[in-house]
>>> print(open('input11.cif').read())   # mmCIF, C-alpha atoms and all ligand atoms
data_protein
loop_
_atom_site.label_atom_id
_atom_site.label_comp_id
_atom_site.auth_asym_id
_atom_site.auth_seq_id
_atom_site.Cartn_x
_atom_site.Cartn_y
_atom_site.Cartn_z
CA MET W 91 93.61 85.53 -207.48
CA ASN W 92 90.47 83.54 -206.68
CA ILE W 93 90.74 79.77 -206.74
CA MET W 94 87.98 77.21 -206.35
CA VAL W 95 88.93 73.76 -205.12
CA THR W 96 86.84 70.62 -205.53
CA ASN W 97 87.36 66.84 -205.72
CA ASP W 98 85.56 63.51 -205.95
CA ASP W 99 86.92 61.88 -202.78
CA GLY W 100 84.74 64.15 -200.65
CA ILE W 101 85.41 67.26 -198.59
CA HIS W 102 86.93 65.27 -195.70
CA ALA W 103 89.63 63.62 -197.84
CA ALA W 104 93.30 64.25 -197.09
CA GLY W 105 94.04 65.19 -200.71
CA ILE W 106 91.67 68.18 -200.84
CA ARG W 107 92.97 69.52 -197.54
CA ALA W 108 96.56 69.43 -198.81
CA LEU W 109 95.54 71.01 -202.14
CA ALA W 110 93.45 73.82 -200.59
CA GLU W 111 96.18 74.68 -198.07
CA ALA W 112 98.88 74.78 -200.73
CA MET W 113 96.75 76.82 -203.19
CA SER W 114 96.23 79.53 -200.56
CA GLU W 115 99.82 80.57 -201.43
CA LEU W 116 98.41 81.81 -204.75
CA GLY W 117 95.26 83.59 -203.57
CA THR W 118 91.86 83.26 -201.93
CA VAL W 119 90.66 79.68 -201.86
CA THR W 120 87.03 78.54 -201.74
CA VAL W 121 86.34 74.83 -201.35
CA VAL W 122 83.11 73.42 -202.80
CA ALA W 123 83.23 69.64 -202.70
CA PRO W 124 80.98 66.60 -202.35
CA ASP W 125 79.92 65.81 -198.77
CA ARG W 126 81.05 62.17 -199.24
CA GLU W 127 83.15 60.12 -201.59
CA ARG W 128 81.93 60.27 -205.18
CA SER W 129 84.81 58.57 -206.99
CA ALA W 130 84.01 57.12 -210.41
CA VAL W 131 80.79 59.11 -210.88
CA GLY W 132 82.28 60.58 -214.06
CA HIS W 133 80.58 63.71 -215.40
CA SER W 134 77.20 63.02 -213.83
CA LEU W 135 74.85 65.83 -212.95
CA THR W 136 72.06 65.56 -210.37
CA LEU W 137 68.76 66.31 -212.04
CA HIS W 138 66.15 64.33 -210.12
CA SER W 139 66.74 65.40 -206.54
CA PRO W 140 67.45 68.73 -204.83
CA LEU W 141 70.94 69.75 -203.73
CA ARG W 142 71.89 71.17 -200.36
CA ILE W 143 74.90 73.16 -199.25
CA PHE W 144 76.52 72.80 -195.82
CA GLU W 145 79.06 75.40 -194.68
CA LEU W 146 81.63 73.48 -192.63
CA HIS W 147 83.75 76.51 -191.84
CA LYS W 148 84.64 79.75 -193.57
CA GLY W 149 85.25 79.12 -197.27
CA TRP W 150 84.56 75.37 -197.03
CA TYR W 151 81.25 74.17 -198.48
CA ALA W 152 80.01 70.61 -198.78
CA VAL W 153 77.34 69.78 -201.36
CA ASP W 154 75.34 66.55 -201.33
CA GLY W 155 76.01 66.04 -205.02
CA THR W 156 78.64 65.10 -207.58
CA PRO W 157 81.84 66.98 -208.50
CA THR W 158 80.04 68.38 -211.58
CA ASP W 159 77.22 69.60 -209.29
CA CYS W 160 79.83 71.25 -207.06
CA VAL W 161 81.38 73.20 -209.94
CA ASN W 162 77.93 74.41 -211.02
CA MET W 163 76.86 75.29 -207.48
CA GLY W 164 80.14 77.06 -206.83
CA ILE W 165 79.99 79.16 -209.96
CA HIS W 166 76.27 79.92 -210.05
CA ASN W 167 75.32 80.08 -206.38
CA MET W 168 78.20 80.43 -204.01
CA LEU W 169 81.27 82.27 -205.25
CA PRO W 170 80.75 86.04 -205.46
CA ILE W 171 82.84 86.25 -208.63
CA THR W 172 84.00 83.75 -211.26
CA PRO W 173 87.25 82.19 -210.04
CA ASP W 174 90.47 82.59 -212.01
CA LEU W 175 91.19 78.89 -211.67
CA ILE W 176 89.41 75.70 -210.62
CA VAL W 177 91.53 72.85 -209.30
CA SER W 178 90.23 69.37 -208.58
CA GLY W 179 91.86 66.77 -206.32
CA ILE W 180 94.26 65.75 -205.17
CA ASN W 181 92.64 62.45 -206.03
CA HIS W 182 93.57 59.41 -203.99
CA GLY W 183 94.77 57.29 -206.89
CA ALA W 184 95.97 57.92 -210.43
CA ASN W 185 93.71 59.05 -213.27
CA LEU W 186 95.55 57.71 -216.29
CA GLY W 187 94.69 56.58 -219.80
CA ASP W 188 91.12 56.07 -220.94
CA ALA W 189 90.06 55.36 -217.34
CA ILE W 190 89.74 59.14 -216.94
CA THR W 191 86.25 58.86 -218.43
CA TYR W 192 85.12 57.34 -215.09
CA SER W 193 86.80 60.02 -213.05
CA GLY W 194 84.84 62.59 -211.06
CA THR W 195 88.10 64.44 -210.42
CA VAL W 196 88.71 64.95 -214.14
CA ALA W 197 85.00 65.63 -214.82
CA ALA W 198 85.06 68.59 -212.42
CA ALA W 199 87.88 70.14 -214.47
CA MET W 200 85.93 69.27 -217.62
CA GLU W 201 82.88 71.13 -216.31
CA ALA W 202 85.00 74.18 -215.49
CA ASN W 203 86.42 74.01 -219.02
CA LEU W 204 82.84 74.00 -220.41
CA MET W 205 82.28 77.22 -218.48
CA GLY W 206 85.43 78.76 -219.90
CA ILE W 207 87.31 78.69 -216.59
CA PRO W 208 90.93 77.47 -216.53
CA ALA W 209 91.00 74.10 -214.79
CA ILE W 210 93.45 71.45 -213.62
CA ALA W 211 92.75 67.97 -212.23
CA PHE W 212 95.39 66.57 -209.86
CA SER W 213 95.78 62.92 -208.88
CA LEU W 214 98.30 61.10 -206.71
CA ALA W 215 99.42 57.82 -208.23
CA THR W 216 99.01 55.66 -205.15
CA ILE W 217 97.24 52.44 -204.41
CA GLY W 218 98.80 51.76 -201.04
CA PRO W 219 98.37 53.43 -197.67
CA SER W 220 101.49 55.63 -197.89
CA GLU W 221 100.50 59.00 -199.32
CA HIS W 222 102.71 61.95 -200.13
CA PHE W 223 99.88 64.49 -200.45
CA THR W 224 101.87 67.39 -199.00
CA ASP W 225 104.67 66.92 -201.53
CA ALA W 226 102.13 66.47 -204.32
CA ALA W 227 100.38 69.70 -203.28
CA GLN W 228 103.66 71.59 -203.68
CA ILE W 229 103.90 70.26 -207.24
CA ALA W 230 100.28 71.29 -207.81
CA VAL W 231 101.11 74.88 -206.82
CA GLN W 232 104.09 74.86 -209.19
CA VAL W 233 101.88 73.63 -212.06
CA ALA W 234 99.13 76.15 -211.23
CA ARG W 235 101.67 78.97 -211.15
CA THR W 236 102.94 78.04 -214.62
CA VAL W 237 99.38 77.80 -215.95
CA ILE W 238 98.49 81.20 -214.54
CA SER W 239 101.59 82.86 -216.00
CA HIS W 240 101.08 81.42 -219.51
CA GLY W 241 97.28 81.10 -219.66
CA LEU W 242 96.00 77.78 -221.04
CA PRO W 243 95.54 77.36 -224.81
CA ALA W 244 91.92 77.58 -226.01
CA ASP W 245 89.62 74.63 -225.13
CA THR W 246 92.28 73.05 -222.95
CA PHE W 247 92.27 71.75 -219.40
CA LEU W 248 94.95 69.70 -217.71
CA ASN W 249 95.06 66.24 -216.22
CA VAL W 250 98.04 66.08 -213.87
CA ASN W 251 99.22 62.86 -212.22
CA ILE W 252 101.86 63.02 -209.53
CA PRO W 253 104.01 60.07 -208.48
CA ASN W 254 103.59 59.01 -204.87
CA CYS W 255 107.05 59.72 -203.52
CA PRO W 256 108.90 62.45 -201.61
CA ARG W 257 109.52 65.55 -203.68
CA ASN W 258 113.27 64.99 -203.93
CA ARG W 259 112.70 61.61 -205.59
CA MET W 260 110.18 62.96 -208.08
CA GLN W 261 111.31 63.38 -211.68
CA SER W 262 110.68 66.50 -213.78
CA PRO W 263 107.21 67.08 -215.31
CA GLU W 264 106.58 65.53 -218.73
CA ILE W 265 103.91 66.63 -221.19
CA THR W 266 102.11 63.44 -222.11
CA ARG W 267 99.26 62.04 -224.16
CA GLN W 268 96.45 59.94 -222.77
CA GLY W 269 97.51 56.29 -222.75
CA LYS W 270 95.42 53.18 -223.24
CA ARG W 271 94.61 50.67 -220.59
CA SER W 272 92.70 47.47 -220.75
CA PHE W 273 90.94 46.59 -217.56
CA PHE W 274 90.70 42.94 -216.75
CA GLY W 275 89.06 43.44 -213.40
CA LYS W 276 87.16 40.43 -212.19
CA ILE W 277 83.57 40.81 -211.16
CA VAL W 278 83.34 38.82 -207.97
CA ASP W 279 80.06 37.06 -207.30
CA LYS W 280 79.06 35.97 -203.83
CA THR W 281 75.91 35.21 -201.91
CA ASP W 282 74.43 37.60 -199.33
CA PRO W 283 73.09 36.48 -195.90
CA ARG W 284 69.58 36.20 -197.37
CA GLY W 285 70.75 33.80 -200.06
CA ARG W 286 70.69 36.25 -202.96
CA LYS W 287 73.60 36.64 -205.34
CA TYR W 288 75.48 39.91 -205.47
CA PHE W 289 78.30 41.14 -207.70
CA TRP W 290 81.21 43.44 -206.97
CA PHE W 291 83.87 44.88 -209.26
CA GLY W 292 87.25 43.57 -208.15
CA SER W 293 90.43 45.63 -208.15
CA GLU W 294 92.64 43.51 -210.35
CA GLU W 295 95.66 45.40 -211.67
CA PRO W 296 94.93 46.88 -215.07
CA ARG W 297 97.28 45.87 -217.90
CA VAL W 298 98.60 48.97 -219.54
CA THR W 299 100.25 49.64 -222.84
CA ASN W 300 103.20 51.52 -221.49
CA GLU W 301 104.22 53.43 -224.62
CA PRO W 302 106.72 56.29 -224.40
CA GLY W 303 104.98 59.66 -224.45
CA THR W 304 101.95 58.44 -222.51
CA ASP W 305 100.80 59.39 -219.03
CA PHE W 306 101.38 55.77 -217.89
CA HIS W 307 104.97 55.85 -219.07
CA ALA W 308 105.70 59.10 -217.21
CA ILE W 309 104.21 57.88 -213.92
CA ASP W 310 105.99 54.53 -214.21
CA ARG W 311 109.30 56.38 -214.20
CA GLN W 312 108.22 58.69 -211.33
CA HIS W 313 107.77 61.74 -213.56
CA VAL W 314 104.94 64.19 -213.02
CA SER W 315 102.56 63.67 -215.97
CA ILE W 316 100.76 66.66 -217.49
CA THR W 317 98.21 65.80 -220.18
CA PRO W 318 96.36 68.57 -222.03
CA LEU W 319 92.75 67.48 -222.62
CA HIS W 320 89.80 68.83 -224.54
CA LEU W 321 86.16 67.93 -224.81
CA ASP W 322 85.97 67.19 -228.52
CA LEU W 323 85.42 63.42 -228.58
CA THR W 324 85.20 63.33 -232.38
CA ASN W 325 87.49 60.78 -233.95
CA HIS W 326 88.94 63.11 -236.55
CA LYS W 327 90.83 60.30 -238.34
CA SER W 328 87.50 58.54 -238.98
CA LEU W 329 85.74 61.56 -240.45
CA SER W 330 87.11 61.08 -243.97
CA ILE W 331 86.57 57.28 -243.88
CA LEU W 332 82.95 57.51 -242.76
CA SER W 333 82.13 60.36 -245.09
CA LYS W 334 82.76 57.97 -248.01
CA TRP W 335 80.17 55.50 -246.74
CA VAL W 336 76.61 55.54 -247.99
CA PHE W 337 74.24 55.54 -245.03
MN MN I 1 88.51 59.72 -206.21
#
>>> encode(input="input11.cif", output="structure tokens")
Amino acid sequence: MNIMVTNDDGIHAAGIRALAEAMSELGTVTVVAPDRERSAVGHSLTLHSPLRIFELHKGWYAVDGTPTDCVNMGIHNMLPITPDLIVSGINHGANLGDAITYSGTVAAAMEANLMGIPAIAFSLATIGPSEHFTDAAQIAVQVARTVISHGLPADTFLNVNIPNCPRNRMQSPEITRQGKRSFFGKIVDKTDPRGRKYFWFGSEEPRVTNEPGTDFHAIDRQHVSITPLHLDLTNHKSLSILSKWVF
């Protein structure tokens, strides 16, 4: 079993260390991850500057690019064979609802899915300083094992969110759908020392629609949330409506 591990928090993050260590139970692990934090870069690909690889130690490679760059570099330049599985994370913070479109963690799994490689994104639902990454990594191995034994359905990758608590307080995994959140984050405006205005996105708590069956609902009740995703962004319900319009 060959497993590639990446993330968007950067190669020095606690979450990727826990994930890579735990995944080594299942096979040979190669880490290809951004050299610094790249959270919220989404699915961006570096086209206008070169990329460099730094080998930190055996099997651990840092790339000065995005998570999507890392998946491409790993597959096309670094790994001797195509891995059986690509895992991304464990992200420091949840990736729930429509906010996943910002996520570099989820985008890495998306990129792997585009290449036809089974992929899972893992995130720890924490905002505070207490982090149960080791417990979460054990859950990640359990999920990966199940995925390997069944094989993912066609065009499917997984977005897994893990509650931030000790393993014995965690509730069973639930298969969920992507929820909806509305972000009412303030943009703070202040003045810099040279008298110019600057703006910064604040971290106001998002208001969520906590419907049963959603990823939010599972995490709220300390369940592990497993959402199957695909890349078809077509709104299938709108196809028949729009096809009646005259453009
Ligand atoms: Mn992140």
>>> closest_residue(input="input11.cif", among="W:Lys334, W:His166, W:His182, W:Arg235", to="W:Ala104", atoms="all atoms listed in the file")
W:His182
>>> atom_distance(input="input11.cif", atom1="atom CA of W:Asp322", atom2="atom CA of W:Glu127")
28.0 Å
>>> residues_near_ligand(input="input11.cif", ligand="ligand MN 1 (chain I)", cutoff="7 Å", atoms="only C-alpha atoms and all ligand atoms", output="NGL selection string")
:W and (98-99 or 128-130 or 181-183 or 194-195)
>>> atom_distance(input="input11.cif", atom1="atom CA of W:Met168", atom2="atom CA of W:Val231")
23.7 Å
>>> atom_distance(input="input11.cif", atom1="atom CA of W:Val278", atom2="atom CA of W:Ser293")
9.8 Å
>>> axis_aligned_box(input="input11.cif", around="stretch 120-129 of chain W", padding_each_side="5 Å", output="AutoDock Vina command-line options")
--center_x 83.5 --center_y 68.6 --center_z -202.9 --size_x 17.1 --size_y 30.0 --size_z 18.2
>>> residues_near_point(input="input11.cif", point="(87.6, 69.3, -202.3)", cutoff="6 Å", atoms="only C-alpha atoms", output="PyMOL selection string")
chain W and resi 95-97+101+106+121+123
>>> residues_near_point(input="input11.cif", point="(105.4, 56.7, -214.8)", cutoff="12 Å", atoms="all atoms listed in the file", output="VMD selection string")
chain W and resid 184 186 to 187 214 to 216 250 to 255 260 to 266 269 298 to 316
>>> closest_residue(input="input11.cif", among="W:Gly105, W:Pro318, W:Gly149, W:Pro256", to="W:Gly179", atoms="all atoms listed in the file")
W:Gly105
>>> closest_residue(input="input11.cif", among="W:Ala103, W:Leu175, W:Met94, W:Leu321", to="W:Leu204", atoms="only C-alpha atoms")
W:Leu321
>>> closest_residue(input="input11.cif", among="W:Tyr288, W:Phe212, W:Tyr192, W:Trp335", to="W:Gly132", atoms="all atoms listed in the file")
W:Tyr192
